[in-house]
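Below is the file work21.cif, which contains mmCIF, C-alpha atoms; chains and numbers go by the auth columns.
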```
data_my_file
#
loop_
_atom_site.group_PDB
_atom_site.id
_atom_site.type_symbol
_atom_site.label_atom_id
_atom_site.label_comp_id
_atom_site.label_asym_id
_atom_site.label_seq_id
_atom_site.Cartn_x
_atom_site.Cartn_y
_atom_site.Cartn_z
_atom_site.B_iso_or_equiv
_atom_site.auth_seq_id
_atom_site.auth_asym_id
ATOM 1 C CA MET A 1 98.762 -72.551 69.618 0.00 1 G
ATOM 2 C CA SER A 2 98.932 -71.552 65.956 0.00 2 G
ATOM 3 C CA PHE A 3 99.982 -75.080 65.010 0.00 3 G
ATOM 4 C CA ALA A 4 97.023 -76.585 66.895 0.00 4 G
ATOM 5 C CA ALA A 5 94.569 -74.178 65.260 0.00 5 G
ATOM 6 C CA ASN A 6 95.949 -74.890 61.796 0.00 6 G
ATOM 7 C CA ALA A 7 95.984 -78.652 62.386 0.00 7 G
ATOM 8 C CA LEU A 8 92.379 -78.680 63.620 0.00 8 G
ATOM 9 C CA SER A 9 91.313 -76.425 60.730 0.00 9 G
ATOM 10 C CA THR A 10 92.920 -78.773 58.219 0.00 10 G
ATOM 11 C CA LEU A 11 91.449 -81.875 59.815 0.00 11 G
ATOM 12 C CA ALA A 12 87.969 -80.361 60.014 0.00 12 G
ATOM 13 C CA ALA A 13 88.214 -79.109 56.429 0.00 13 G
ATOM 14 C CA LEU A 14 88.980 -82.618 55.175 0.00 14 G
ATOM 15 C CA VAL A 15 86.173 -84.177 57.216 0.00 15 G
ATOM 16 C CA PHE A 16 83.591 -81.647 56.036 0.00 16 G
ATOM 17 C CA LEU A 17 84.739 -81.754 52.426 0.00 17 G
ATOM 18 C CA LEU A 18 84.206 -85.520 52.365 0.00 18 G
ATOM 19 C CA ALA A 19 80.964 -85.424 54.365 0.00 19 G
ATOM 20 C CA GLY A 20 79.580 -82.581 52.268 0.00 20 G
ATOM 21 C CA ALA A 21 80.402 -84.346 49.011 0.00 21 G
ATOM 22 C CA GLN A 22 78.546 -87.455 50.201 0.00 22 G
ATOM 23 C CA LYS A 23 75.465 -85.336 50.910 0.00 23 G
ATOM 24 C CA VAL A 24 75.587 -83.334 47.681 0.00 24 G
ATOM 25 C CA LEU A 25 75.895 -86.589 45.709 0.00 25 G
ATOM 26 C CA LEU A 26 73.053 -88.128 47.777 0.00 26 G
ATOM 27 C CA ARG A 27 74.988 -91.293 48.658 0.00 27 G
ATOM 28 C CA ASP A 28 72.695 -94.015 50.022 0.00 28 G
ATOM 29 C CA PRO A 29 74.065 -94.547 53.548 0.00 29 G
ATOM 30 C CA VAL A 30 74.007 -90.811 54.237 0.00 30 G
ATOM 31 C CA THR A 31 70.599 -90.121 52.718 0.00 31 G
ATOM 32 C CA ALA A 32 69.003 -93.107 54.456 0.00 32 G
ATOM 33 C CA ASN A 33 70.021 -91.778 57.858 0.00 33 G
ATOM 34 C CA LEU A 34 68.944 -88.227 57.019 0.00 34 G
ATOM 35 C CA LEU A 35 65.597 -89.431 55.683 0.00 35 G
ATOM 36 C CA ARG A 36 65.084 -91.234 58.972 0.00 36 G
ATOM 37 C CA LEU A 37 65.635 -87.896 60.707 0.00 37 G
ATOM 38 C CA GLY A 38 63.091 -86.200 58.452 0.00 38 G
ATOM 39 C CA VAL A 39 65.567 -84.448 56.152 0.00 39 G
ATOM 40 C CA GLY A 40 64.675 -84.629 52.461 0.00 40 G
ATOM 41 C CA SER A 41 67.009 -84.646 49.476 0.00 41 G
ATOM 42 C CA THR A 42 66.856 -80.887 48.878 0.00 42 G
ATOM 43 C CA MET A 43 67.791 -80.126 52.479 0.00 43 G
ATOM 44 C CA THR A 44 70.475 -82.845 52.377 0.00 44 G
ATOM 45 C CA ARG A 45 72.094 -81.186 49.370 0.00 45 G
ATOM 46 C CA LEU A 46 71.876 -77.790 51.073 0.00 46 G
ATOM 47 C CA ILE A 47 73.570 -79.165 54.192 0.00 47 G
ATOM 48 C CA GLY A 48 76.262 -80.753 52.013 0.00 48 G
ATOM 49 C CA THR A 49 76.828 -77.480 50.181 0.00 49 G
ATOM 50 C CA LEU A 50 77.158 -75.630 53.501 0.00 50 G
ATOM 51 C CA GLU A 51 79.634 -78.248 54.732 0.00 51 G
ATOM 52 C CA ILE A 52 81.739 -77.880 51.580 0.00 52 G
ATOM 53 C CA ALA A 53 81.629 -74.082 51.885 0.00 53 G
ATOM 54 C CA GLY A 54 82.727 -74.385 55.516 0.00 54 G
ATOM 55 C CA ALA A 55 85.571 -76.716 54.525 0.00 55 G
ATOM 56 C CA LEU A 56 86.755 -74.286 51.868 0.00 56 G
ATOM 57 C CA GLY A 57 86.512 -71.431 54.370 0.00 57 G
ATOM 58 C CA LEU A 58 88.623 -73.348 56.877 0.00 58 G
ATOM 59 C CA ALA A 59 91.199 -74.130 54.200 0.00 59 G
ATOM 60 C CA ALA A 60 91.361 -70.542 52.929 0.00 60 G
ATOM 61 C CA GLY A 61 91.492 -69.415 56.544 0.00 61 G
ATOM 62 C CA LEU A 62 94.988 -70.839 56.832 0.00 62 G
ATOM 63 C CA TRP A 63 96.018 -67.587 55.093 0.00 63 G
ATOM 64 C CA PHE A 64 93.158 -65.297 56.224 0.00 64 G
ATOM 65 C CA LYS A 65 92.202 -66.124 59.823 0.00 65 G
ATOM 66 C CA PRO A 66 88.888 -64.162 59.970 0.00 66 G
ATOM 67 C CA LEU A 67 87.510 -66.408 57.217 0.00 67 G
ATOM 68 C CA ALA A 68 88.456 -69.514 59.189 0.00 68 G
ATOM 69 C CA VAL A 69 86.780 -68.115 62.304 0.00 69 G
ATOM 70 C CA ALA A 70 83.580 -67.445 60.344 0.00 70 G
ATOM 71 C CA ALA A 71 83.692 -70.912 58.744 0.00 71 G
ATOM 72 C CA ALA A 72 84.251 -72.630 62.102 0.00 72 G
ATOM 73 C CA ALA A 73 81.380 -70.646 63.630 0.00 73 G
ATOM 74 C CA GLY A 74 79.065 -71.551 60.757 0.00 74 G
ATOM 75 C CA LEU A 75 79.953 -75.231 60.937 0.00 75 G
ATOM 76 C CA THR A 76 79.454 -75.236 64.710 0.00 76 G
ATOM 77 C CA LEU A 77 75.962 -73.755 64.279 0.00 77 G
ATOM 78 C CA LEU A 78 75.172 -76.294 61.557 0.00 78 G
ATOM 79 C CA LEU A 79 76.247 -79.107 63.877 0.00 79 G
ATOM 80 C CA ILE A 80 74.156 -77.769 66.749 0.00 80 G
ATOM 81 C CA GLY A 81 71.203 -78.014 64.379 0.00 81 G
ATOM 82 C CA ALA A 82 72.185 -81.611 63.581 0.00 82 G
ATOM 83 C CA VAL A 83 72.270 -82.440 67.293 0.00 83 G
ATOM 84 C CA GLY A 84 68.764 -81.005 67.546 0.00 84 G
ATOM 85 C CA PHE A 85 67.507 -83.336 64.813 0.00 85 G
ATOM 86 C CA HIS A 86 69.090 -86.299 66.589 0.00 86 G
ATOM 87 C CA LEU A 87 67.530 -85.251 69.893 0.00 87 G
ATOM 88 C CA ARG A 88 64.124 -84.980 68.239 0.00 88 G
ATOM 89 C CA ALA A 89 64.560 -88.506 66.843 0.00 89 G
ATOM 90 C CA ARG A 90 65.647 -89.732 70.310 0.00 90 G
ATOM 91 C CA ASP A 91 68.828 -91.201 68.820 0.00 91 G
ATOM 92 C CA PHE A 92 70.792 -90.795 72.039 0.00 92 G
ATOM 93 C CA ALA A 93 68.393 -93.187 73.768 0.00 93 G
ATOM 94 C CA HIS A 94 68.602 -95.885 71.077 0.00 94 G
ATOM 95 C CA ARG A 95 71.799 -97.916 71.100 0.00 95 G
ATOM 96 C CA ARG A 96 71.489 -98.607 67.373 0.00 96 G
ATOM 97 C CA HIS A 97 71.573 -94.907 66.429 0.00 97 G
ATOM 98 C CA ARG A 98 73.847 -93.587 69.177 0.00 98 G
ATOM 99 C CA SER A 99 76.958 -93.527 66.974 0.00 99 G
ATOM 100 C CA HIS A 100 75.121 -91.444 64.344 0.00 100 G
ATOM 101 C CA ALA A 101 74.061 -89.013 67.062 0.00 101 G
ATOM 102 C CA ALA A 102 77.513 -88.763 68.638 0.00 102 G
ATOM 103 C CA ALA A 103 79.236 -87.652 65.432 0.00 103 G
ATOM 104 C CA PRO A 104 77.739 -84.127 65.312 0.00 104 G
ATOM 105 C CA VAL A 105 78.446 -83.647 69.016 0.00 105 G
ATOM 106 C CA VAL A 106 82.122 -84.558 68.583 0.00 106 G
ATOM 107 C CA LEU A 107 82.438 -82.445 65.437 0.00 107 G
ATOM 108 C CA ALA A 108 80.746 -79.474 67.142 0.00 108 G
ATOM 109 C CA VAL A 109 83.363 -79.691 69.900 0.00 109 G
ATOM 110 C CA VAL A 110 86.143 -79.848 67.291 0.00 110 G
ATOM 111 C CA THR A 111 84.843 -76.878 65.277 0.00 111 G
ATOM 112 C CA GLY A 112 84.114 -74.883 68.440 0.00 112 G
ATOM 113 C CA THR A 113 87.627 -75.568 69.733 0.00 113 G
ATOM 114 C CA THR A 114 89.037 -74.617 66.344 0.00 114 G
ATOM 115 C CA MET A 115 87.137 -71.335 66.463 0.00 115 G
ATOM 116 C CA ALA A 116 88.355 -70.613 70.007 0.00 116 G
ATOM 117 C CA LEU A 117 91.982 -71.325 69.075 0.00 117 G
ATOM 118 C CA LEU A 118 91.730 -69.159 65.964 0.00 118 G
ATOM 119 C CA LEU A 119 90.300 -66.303 68.001 0.00 119 G
ATOM 120 C CA ALA A 120 93.080 -66.684 70.561 0.00 120 G
ATOM 121 C CA ILE A 121 95.810 -66.290 67.934 0.00 121 G
ATOM 122 C CA SER A 122 94.120 -63.477 65.989 0.00 122 G
#
```

Let's see the structure in the file written out as structure tokens.
Amino acid sequence: MSFAANALSTLAALVFLLAGAQKVLLRDPVTANLLRLGVGSTMTRLIGTLEIAGALGLAAGLWFKPLAVAAAAGLTLLLIGAVGFHLRARDFAHRRHRSHAAAPVVLAVVTGTTMALLLAIS
């Protein structure tokens, strides 16, 4: 189980490091979607910073498990908030935006599973 927890932590850390960097740098494809959801540039950068912090916490958590648990919990909460924004925009009902809405759901499951595995091996 330790291997699975470490593998998921590493995978999630890479995903959130890249996603967070895109938000902090205000890359067009990312900001256009977030603007559509009602998220401005300041909030986008804050979300990106939180994602990068979570990624670093997951990476450092390979050596200090409580930090990884906290990072996975924080990222899961952040993603639940993202799902809420997509629900408010009715993205799950629109075929065109469904893939954007599915990403935070899948990532919330991954980070939640990571947190559960980390807790199980602690």

Output as a tab-separated table one row per residue of region 35-107 of chain G within 6 Å of region 3-21 of chain G: the closest atom pair and its distance in Å to one decimal place, counting all atoms listed in the file, sorted by chain and residue number ascending.
```
residue	atom	partner	partner_atom	distance
G:Gly48	CA	G:Gly20	CA	3.8
G:Glu51	CA	G:Gly20	CA	5.0
G:Ile52	CA	G:Leu17	CA	5.0
G:Ala55	CA	G:Ala13	CA	4.0
G:Leu58	CA	G:Ser9	CA	5.6
```

Write a file of the just-selected residues containing C-alpha atoms, as a compact mmCIF listing (two decimals), in the coordinates of the input.
```txt
# COMPACT_ATOMS: atom_id res chain seq x y z
CA GLY G 48 76.26 -80.75 52.01
CA GLU G 51 79.63 -78.25 54.73
CA ILE G 52 81.74 -77.88 51.58
CA ALA G 55 85.57 -76.72 54.52
CA LEU G 58 88.62 -73.35 56.88
```

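Considering the residues G:Gly61, G:Pro104, G:Pro66, G:Pro29 and counting all atoms listed in the file, Ile80 (chain G) has its shortest atom-to-atom contact with G:Pro104.
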
Fewer than 3 positions away in the same chain doesn't count, so skip those; otherwise give me all residues within 9 Å of region 72-78 of chain G, counting only C-alpha atoms, as a list in words. Ser9, Ala12, Phe16, Ile47, Leu50, Glu51, Gly54, Ala55, Gly57, Leu58, Leu67, Ala68, Val69, Gly81, Ala82, Val83, Leu107, Ala108, Val109, Val110, Thr111, Gly112, Thr113, Thr114 and Met115 of chain G

Enter the distance from CA of Leu26 (chain G) to CA of Ala89 (chain G), in Å, rounded to one decimal.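 If I compute the distance from CA of Leu26 (chain G) to CA of Ala89 (chain G), I get 20.9 Å.
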
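Note that CA of Ala103 (chain G) and CA of Leu79 (chain G) are 9.2 Å apart.
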
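We find CA of Ala60 (chain G) and CA of Met43 (chain G) to be spaced 25.4 Å apart.
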
Taking all atoms listed in the file into account, which of G:Ala101, G:Ala116, G:Val30, G:Val106 comes nearest Ala70 (chain G)? G:Ala116

Suppose a student applies the PyMOL selection byres ((chain G and resi 121) around 9) to this structure; what residues should they get, written as a list in words? Met1, Ser2, Ala5, Lys65, Ala116, Leu117, Leu118, Leu119, Ala120 and Ser122 of chain G

Please produce an output containing C-alpha atoms for each residue in the selection, written as a PDB file, keeping the file's coordinate frame.
```
ATOM      1  CA  MET G   1      98.762 -72.551  69.618  1.00  0.00           C
ATOM      2  CA  SER G   2      98.932 -71.552  65.956  1.00  0.00           C
ATOM      3  CA  ALA G   5      94.569 -74.178  65.260  1.00  0.00           C
ATOM      4  CA  LYS G  65      92.202 -66.124  59.823  1.00  0.00           C
ATOM      5  CA  ALA G 116      88.355 -70.613  70.007  1.00  0.00           C
ATOM      6  CA  LEU G 117      91.982 -71.325  69.075  1.00  0.00           C
ATOM      7  CA  LEU G 118      91.730 -69.159  65.964  1.00  0.00           C
ATOM      8  CA  LEU G 119      90.300 -66.303  68.001  1.00  0.00           C
ATOM      9  CA  ALA G 120      93.080 -66.684  70.561  1.00  0.00           C
ATOM     10  CA  SER G 122      94.120 -63.477  65.989  1.00  0.00           C
TER      11      SER G 122
END
```

For region 45-63 of chain G, what centre and edge lengths in Å (one decimal) does the axis-aligned box get once 5 Å is added on each side of all its listed atoms, as AutoDock Vina command-line options?
```
--center_x 83.9 --center_y -74.4 --center_z 53.1 --size_x 34.1 --size_y 23.6 --size_z 17.5
```

Nearest residue to Gly40 (chain G) out of G:Ala59, G:Leu87, G:Val24, G:Ala53, using all atoms listed in the file?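 Of all the options, G:Val24 lies closest to Gly40 (chain G).
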
Distance criterion (all atoms listed in the file): nearest to Gly84 (chain G) out of G:Val105, G:Thr49, G:Thr31, G:Arg36: G:Val105
